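Q: Contents are PDB, C-alpha atoms; file name coords-v8.pdb:
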ATOM      1  CA  MET S 255     264.937  93.647  42.201
ATOM      2  CA  THR S 256     263.180  90.504  40.969
ATOM      3  CA  THR S 257     259.451  90.332  41.671
ATOM      4  CA  PRO S 258     257.758  87.170  43.002
ATOM      5  CA  ALA S 259     256.005  86.718  39.624
ATOM      6  CA  ALA S 260     259.271  86.988  37.678
ATOM      7  CA  ARG S 261     260.960  84.604  40.096
ATOM      8  CA  VAL S 262     258.265  81.929  39.761
ATOM      9  CA  PHE S 263     258.378  82.238  35.967
ATOM     10  CA  ASP S 264     262.191  81.873  35.929
ATOM     11  CA  GLU S 265     261.884  78.772  38.140
ATOM     12  CA  PHE S 266     259.314  77.350  35.728
ATOM     13  CA  ILE S 267     261.662  77.841  32.758
ATOM     14  CA  ALA S 268     264.547  76.202  34.658
ATOM     15  CA  ASP S 269     262.334  73.207  35.535
ATOM     16  CA  VAL S 270     261.096  72.824  31.943
ATOM     17  CA  ARG S 271     264.683  72.912  30.675
ATOM     18  CA  LYS S 272     265.558  70.076  33.095
ATOM     19  CA  VAL S 273     262.691  67.971  31.726
ATOM     20  CA  TRP S 274     263.695  68.656  28.132
ATOM     21  CA  ALA S 275     267.356  67.864  28.849
ATOM     22  CA  ALA S 276     266.396  64.494  30.348
ATOM     23  CA  GLU S 277     263.865  63.460  27.668
ATOM     24  CA  SER S 278     264.190  63.554  23.862
ATOM     25  CA  ASP S 279     260.668  62.463  22.831
ATOM     26  CA  THR S 280     258.448  65.512  22.296
ATOM     27  CA  GLN S 281     255.214  63.930  23.500
ATOM     28  CA  ARG S 282     256.851  62.701  26.712
ATOM     29  CA  ARG S 283     258.475  66.119  27.190
ATOM     30  CA  MET S 284     255.085  67.800  26.941
ATOM     31  CA  GLU S 285     253.393  65.290  29.250
ATOM     32  CA  ALA S 286     256.145  65.770  31.844
ATOM     33  CA  THR S 287     255.880  69.562  31.468
ATOM     34  CA  GLN S 288     252.099  69.623  31.994
ATOM     35  CA  PRO S 289     252.265  69.492  35.833
ATOM     36  CA  LEU S 290     254.926  72.227  35.787
ATOM     37  CA  LEU S 291     252.616  74.506  33.812
ATOM     38  CA  LYS S 292     249.726  73.599  36.134
ATOM     39  CA  LYS S 293     251.835  74.745  39.093
ATOM     40  CA  LEU S 294     252.734  77.979  37.263
ATOM     41  CA  VAL S 295     249.157  78.907  36.316
ATOM     42  CA  SER S 296     248.030  78.143  39.890
ATOM     43  CA  ASN S 297     250.490  80.688  41.304
ATOM     44  CA  GLU S 298     248.788  83.673  42.975
ATOM     45  CA  ASP S 299     251.757  86.038  42.448
ATOM     46  CA  LEU S 300     251.754  85.419  38.701
ATOM     47  CA  ARG S 301     247.958  85.741  38.563
ATOM     48  CA  ALA S 302     248.122  89.100  40.343
ATOM     49  CA  ALA S 303     250.902  90.334  38.016
ATOM     50  CA  SER S 304     248.892  89.312  34.938
ATOM     51  CA  GLY S 305     246.269  91.892  35.854
ATOM     52  CA  THR S 306     248.418  94.560  34.179
ATOM     53  CA  TRP S 307     249.328  92.566  31.053
ATOM     54  CA  PRO S 308     248.129  94.138  27.796
ATOM     55  CA  SER S 309     245.354  92.712  25.638
ATOM     56  CA  THR S 310     246.382  90.377  22.823
ATOM     57  CA  GLU S 311     243.248  90.921  20.736
ATOM     58  CA  GLY S 312     243.848  91.143  16.994
ATOM     59  CA  ARG S 313     245.775  87.841  16.607
ATOM     60  CA  LYS S 314     248.653  88.632  18.965
ATOM     61  CA  ASN S 315     250.543  86.664  21.627
ATOM     62  CA  LEU S 316     252.828  87.975  24.330
ATOM     63  CA  LEU S 317     256.200  86.278  23.785
ATOM     64  CA  LEU S 318     257.546  85.402  27.227
ATOM     65  CA  HIS S 319     260.380  83.001  26.316
ATOM     66  CA  THR S 320     261.974  81.263  23.343
ATOM     67  CA  ASP S 321     264.385  78.638  24.557
ATOM     68  CA  PRO S 322     267.799  78.959  22.878
ATOM     69  CA  ASP S 323     268.726  75.302  23.406
ATOM     70  CA  PHE S 324     265.499  73.284  23.182
ATOM     71  CA  GLY S 325     263.406  75.544  20.954
ATOM     72  CA  PHE S 326     260.204  75.553  23.015
ATOM     73  CA  VAL S 327     258.251  78.799  23.200
ATOM     74  CA  VAL S 328     256.205  80.275  26.051
ATOM     75  CA  ASN S 329     253.458  82.744  25.151
ATOM     76  CA  ALA S 330     250.613  84.421  26.983
ATOM     77  CA  VAL S 331     247.228  85.556  25.709
ATOM     78  CA  VAL S 332     245.018  88.157  27.364
ATOM     79  CA  ARG S 333     241.444  87.945  26.131
ATOM     80  CA  VAL S 334     238.510  90.331  26.412
ATOM     81  CA  PRO S 335     235.254  89.085  28.023
ATOM     82  CA  GLY S 336     233.187  86.853  25.735
ATOM     83  CA  ARG S 337     235.906  86.510  23.113
ATOM     84  CA  LYS S 338     234.916  84.195  20.255
ATOM     85  CA  GLY S 339     237.923  82.116  19.198
ATOM     86  CA  SER S 340     238.493  80.725  15.735
ATOM     87  CA  VAL S 341     238.730  77.009  14.956
ATOM     88  CA  HIS S 342     242.363  76.154  14.199
ATOM     89  CA  ASP S 343     245.280  73.767  14.604
ATOM     90  CA  HIS S 344     248.952  74.259  15.447
ATOM     91  CA  SER S 345     250.308  72.131  12.617
ATOM     92  CA  ASN S 346     252.923  69.639  13.848
ATOM     93  CA  ALA S 347     253.552  71.342  17.216
ATOM     94  CA  TRP S 348     252.449  70.084  20.626
ATOM     95  CA  VAL S 349     250.823  72.769  22.789
ATOM     96  CA  LEU S 350     250.104  73.083  26.510
ATOM     97  CA  TYR S 351     247.402  75.655  27.225
ATOM     98  CA  GLY S 352     247.179  76.750  30.869
ATOM     99  CA  LEU S 353     244.525  79.109  32.192
ATOM    100  CA  LEU S 354     245.965  81.647  34.645
ATOM    101  CA  ASP S 355     242.974  83.940  35.227
ATOM    102  CA  GLY S 356     239.282  84.034  34.321
ATOM    103  CA  THR S 357     237.394  81.206  32.630
ATOM    104  CA  GLU S 358     237.454  79.806  29.103
ATOM    105  CA  SER S 359     236.191  76.786  27.210
ATOM    106  CA  LEU S 360     238.350  74.580  24.993
ATOM    107  CA  GLU S 361     236.406  73.159  22.070
ATOM    108  CA  ARG S 362     237.779  70.128  20.260
ATOM    109  CA  TYR S 363     236.662  69.187  16.754
ATOM    110  CA  ASP S 364     236.659  65.977  14.731
ATOM    111  CA  ARG S 365     237.520  66.072  11.059
ATOM    112  CA  LEU S 366     234.915  64.133   9.095
ATOM    113  CA  ASP S 367     236.302  64.198   5.542
ATOM    114  CA  ASP S 368     239.378  62.300   4.293
ATOM    115  CA  GLY S 369     241.544  65.400   3.808
ATOM    116  CA  SER S 370     241.972  64.783   0.080
ATOM    117  CA  ARG S 371     240.593  68.160  -1.049
ATOM    118  CA  PRO S 372     242.939  71.139  -0.573
ATOM    119  CA  GLU S 373     241.464  74.067   1.339
ATOM    120  CA  TYR S 374     238.416  71.991   2.376
ATOM    121  CA  ALA S 375     237.544  70.266   5.642
ATOM    122  CA  GLU S 376     234.343  69.066   7.257
ATOM    123  CA  VAL S 377     234.690  69.524  11.027
ATOM    124  CA  ARG S 378     232.242  68.851  13.859
ATOM    125  CA  LEU S 379     232.364  69.883  17.502
ATOM    126  CA  ALA S 380     233.360  66.788  19.497
ATOM    127  CA  SER S 381     233.773  68.072  23.067
ATOM    128  CA  VAL S 382     233.945  71.163  25.257
ATOM    129  CA  THR S 383     236.150  71.435  28.349
ATOM    130  CA  HIS S 384     235.403  74.311  30.734
ATOM    131  CA  GLY S 385     238.533  75.737  32.304
ATOM    132  CA  SER S 386     239.280  77.855  35.345
ATOM    133  CA  PRO S 387     242.610  79.049  36.795
ATOM    134  CA  GLY S 388     245.026  76.159  37.159
ATOM    135  CA  ASN S 389     243.575  74.048  34.323
ATOM    136  CA  VAL S 390     246.039  72.883  31.661
ATOM    137  CA  ASP S 391     245.098  71.187  28.375
ATOM    138  CA  LEU S 392     247.523  69.223  26.210
ATOM    139  CA  VAL S 393     246.774  69.755  22.509
ATOM    140  CA  PRO S 394     248.486  67.238  20.172
ATOM    141  CA  PRO S 395     249.738  68.127  16.671
ATOM    142  CA  PHE S 396     247.041  68.839  14.069
ATOM    143  CA  ASN S 397     244.316  68.670  16.758
ATOM    144  CA  ILE S 398     241.519  70.984  15.616
ATOM    145  CA  HIS S 399     240.269  73.186  18.447
ATOM    146  CA  ALA S 400     239.131  76.644  19.560
ATOM    147  CA  GLU S 401     239.358  78.607  22.815
ATOM    148  CA  GLN S 402     236.240  80.543  23.789
ATOM    149  CA  GLY S 403     236.295  83.353  26.323
ATOM    150  CA  GLY S 404     234.183  83.446  29.459
ATOM    151  CA  PRO S 405     232.207  86.344  30.938
ATOM    152  CA  SER S 406     235.306  88.159  32.239
ATOM    153  CA  ARG S 407     238.829  88.962  31.053
ATOM    154  CA  SER S 408     240.975  85.824  30.848
ATOM    155  CA  VAL S 409     244.704  85.148  30.741
ATOM    156  CA  ALA S 410     246.406  81.966  29.576
ATOM    157  CA  VAL S 411     250.031  80.809  29.388
ATOM    158  CA  ILE S 412     250.897  78.618  26.417
ATOM    159  CA  LEU S 413     253.932  76.379  25.948
ATOM    160  CA  ARG S 414     254.569  75.294  22.351
ATOM    161  CA  SER S 415     257.005  72.523  21.526
ATOM    162  CA  GLU S 416     258.637  74.655  18.833
ATOM    163  CA  VAL S 417     258.657  78.031  17.109
ATOM    164  CA  LEU S 418     255.783  78.180  14.652
ATOM    165  CA  VAL S 419     255.372  81.813  13.630
ATOM    166  CA  GLY S 420     257.513  82.581  10.603
ATOM    167  CA  ARG S 421     258.472  78.922  10.178
ATOM    168  CA  ILE S 422     255.409  76.681   9.958
ATOM    169  CA  LEU S 423     251.983  77.449   8.531
ATOM    170  CA  GLN S 424     248.919  76.525  10.555
ATOM    171  CA  HIS S 425     245.298  76.014   9.527
ATOM    172  CA  GLY S 426     242.087  77.851  10.302
ATOM    173  CA  TYR S 427     238.785  76.035   9.777
ATOM    174  CA  ASP S 428     235.324  77.429   9.042
ATOM    175  CA  PRO S 429     232.753  74.865  10.220
ATOM    176  CA  GLU S 430     229.979  76.692   8.344
ATOM    177  CA  THR S 431     231.588  76.821   4.875
ATOM    178  CA  ASN S 432     234.141  73.958   5.240
ATOM    179  CA  VAL S 433     236.884  76.322   4.025
ATOM    180  CA  VAL S 434     240.440  75.806   5.324
ATOM    181  CA  ILE S 435     242.742  78.819   5.488
ATOM    182  CA  THR S 436     246.501  78.326   5.675
ATOM    183  CA  ARG S 437     248.155  81.089   7.675
ATOM    184  CA  SER S 438     251.010  82.098   9.901
ATOM    185  CA  GLY S 439     250.386  82.174  13.631
ATOM    186  CA  PRO S 440     249.703  85.251  15.750
ATOM    187  CA  GLN S 441     251.993  88.266  15.905
ATOM    188  CA  GLN S 442     254.608  87.808  18.643
ATOM    189  CA  ILE S 443     254.951  90.742  21.054
ATOM    190  CA  PRO S 444     258.094  90.419  23.243
ATOM    191  CA  PHE S 445     257.072  90.814  26.888
ATOM    192  CA  GLN S 446     258.929  90.507  30.168
ATOM    193  CA  ILE S 447     257.164  89.470  33.350
ATOM    194  CA  ALA S 448     257.731  92.103  36.035
TER     195      ALA S 448
END
Please express the file's structure as structure tokens.
A:
Amino acid sequence: MTTPAARVFDEFIADVRKVWAAESDTQRRMEATQPLLKKLVSNEDLRAASGTWPSTEGRKNLLLHTDPDFGFVVNAVVRVPGRKGSVHDHSNAWVLYGLLDGTESLERYDRLDDGSRPEYAEVRLASVTHGSPGNVDLVPPFNIHAEQGGPSRSVAVILRSEVLVGRILQHGYDPETNVVITRSGPQQIPFQIA
């Protein structure tokens, strides 16, 4: 028997696939998908179900869906209270980050140098957006950012425009030392919403 949480997630995937079938431009796809993700992360049945989802600490993501036709990926992260996130980008992928439970802050950074030195970047905090359940941020390609945990456990659902892990290297930034680390994304843990 399908649970209410599984049903709402399946409806979300079907709606996203309709958007992606009707639109070929990735930015417009992601902008049109943003209200769909907002509706999903505002759903009380999914929020209640997420209470049993396992922690993703240690650079892991729950892999909820990889679309066989359009290539978008849906992940979830479950963070411990007060989690300190690293400064990073998602290379050339667009990302929608929707907060399902708890609170988090999304930090955005400006790059100050010209990018001419490999493995070096000067970055400065540009803005902080405080999120609560139902908030969805659109993160463009190469946008440097970090997610910071709130005082309680938090859960987010992430839609990426394409598969990154194992295909495309991303960047981690150290604002203190200006070092850039090139790395693969988080470990993908297949997970089915029940």
Q: S:Ser408, S:Thr280, S:Thr306, S:Ser381: which is nearest S:Pro394, counting only C-alpha atoms?
A: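 Of all the options, S:Thr280 lies closest to S:Pro394.
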Q: Excluding same-chain residues fewer than 2 positions from S:Glu430, what lies within 12 Å of it counting all atoms listed in the file, as a list in words?
A: Ser340, Val341, Tyr374, Ala375, Glu376, Val377, Arg378, Leu379, Tyr427, Asp428, Asn432, Val433 and Val434 of chain S
Q: Within 12 Å of (262.2, 72.0, 37.1), all atoms listed in the file: residues as an MDAnalysis selection string?
A: chainID S and resid 262:276 286:291 293:294
Q: So that I can check the surroundings of stretch 441-448 of chain S, please list as a list in words every protein, DNA and RNA residue that reaches within 8 Å of it, counting all atoms listed in the file and ignoring chain neighbours fewer than 5 positions away.
A: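 Answer for this query is Thr256, Thr257, Ala259, Ala260, Phe263, Ala303, Arg313, Lys314, Asn315, Leu316, Leu317, Leu318 and Val419 of chain S.
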Q: At what distance in Å, to one decimal, does atom CA of S:Glu311 lie from atom CA of S:Arg437?
A: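 Computing the Euclidean distance for atom CA of S:Arg437 and atom CA of S:Glu311 yields 17.1 Å.
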Q: Atom CA of S:Asp364 and atom CA of S:Asn397 are how many Å apart?
A: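 Pair atom CA of S:Asp364 / atom CA of S:Asn397 returns 8.4 Å.
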Q: Do a neighbour search on S:Asp391 at 12 Å with only C-alpha atoms, toss out local chain neighbours closer than 2 positions, and write the hits as a count of residues only.
A: 38
Q: With only C-alpha atoms as the basis for distance, which of S:Val409, S:Val417, S:Val332, S:Met255 is at the shortest distance from S:Thr320?
A: S:Val417
Q: Given 5 Å on each side, where is the centre and what are the edge lengths in Å to one decimal of the axis-aligned box enclosing the listed atoms of stretch 300-315 of chain S, as JSON?
A:
{"center_x": 247.5, "center_y": 90.0, "center_z": 28.5, "size_x": 18.5, "size_y": 19.1, "size_z": 33.7}
Q: Counting only C-alpha atoms, what is within 9 Å of S:Pro335, bar same-chain residues fewer than 4 positions away, as a ChimeraX atom specification?
A: /S:403-408
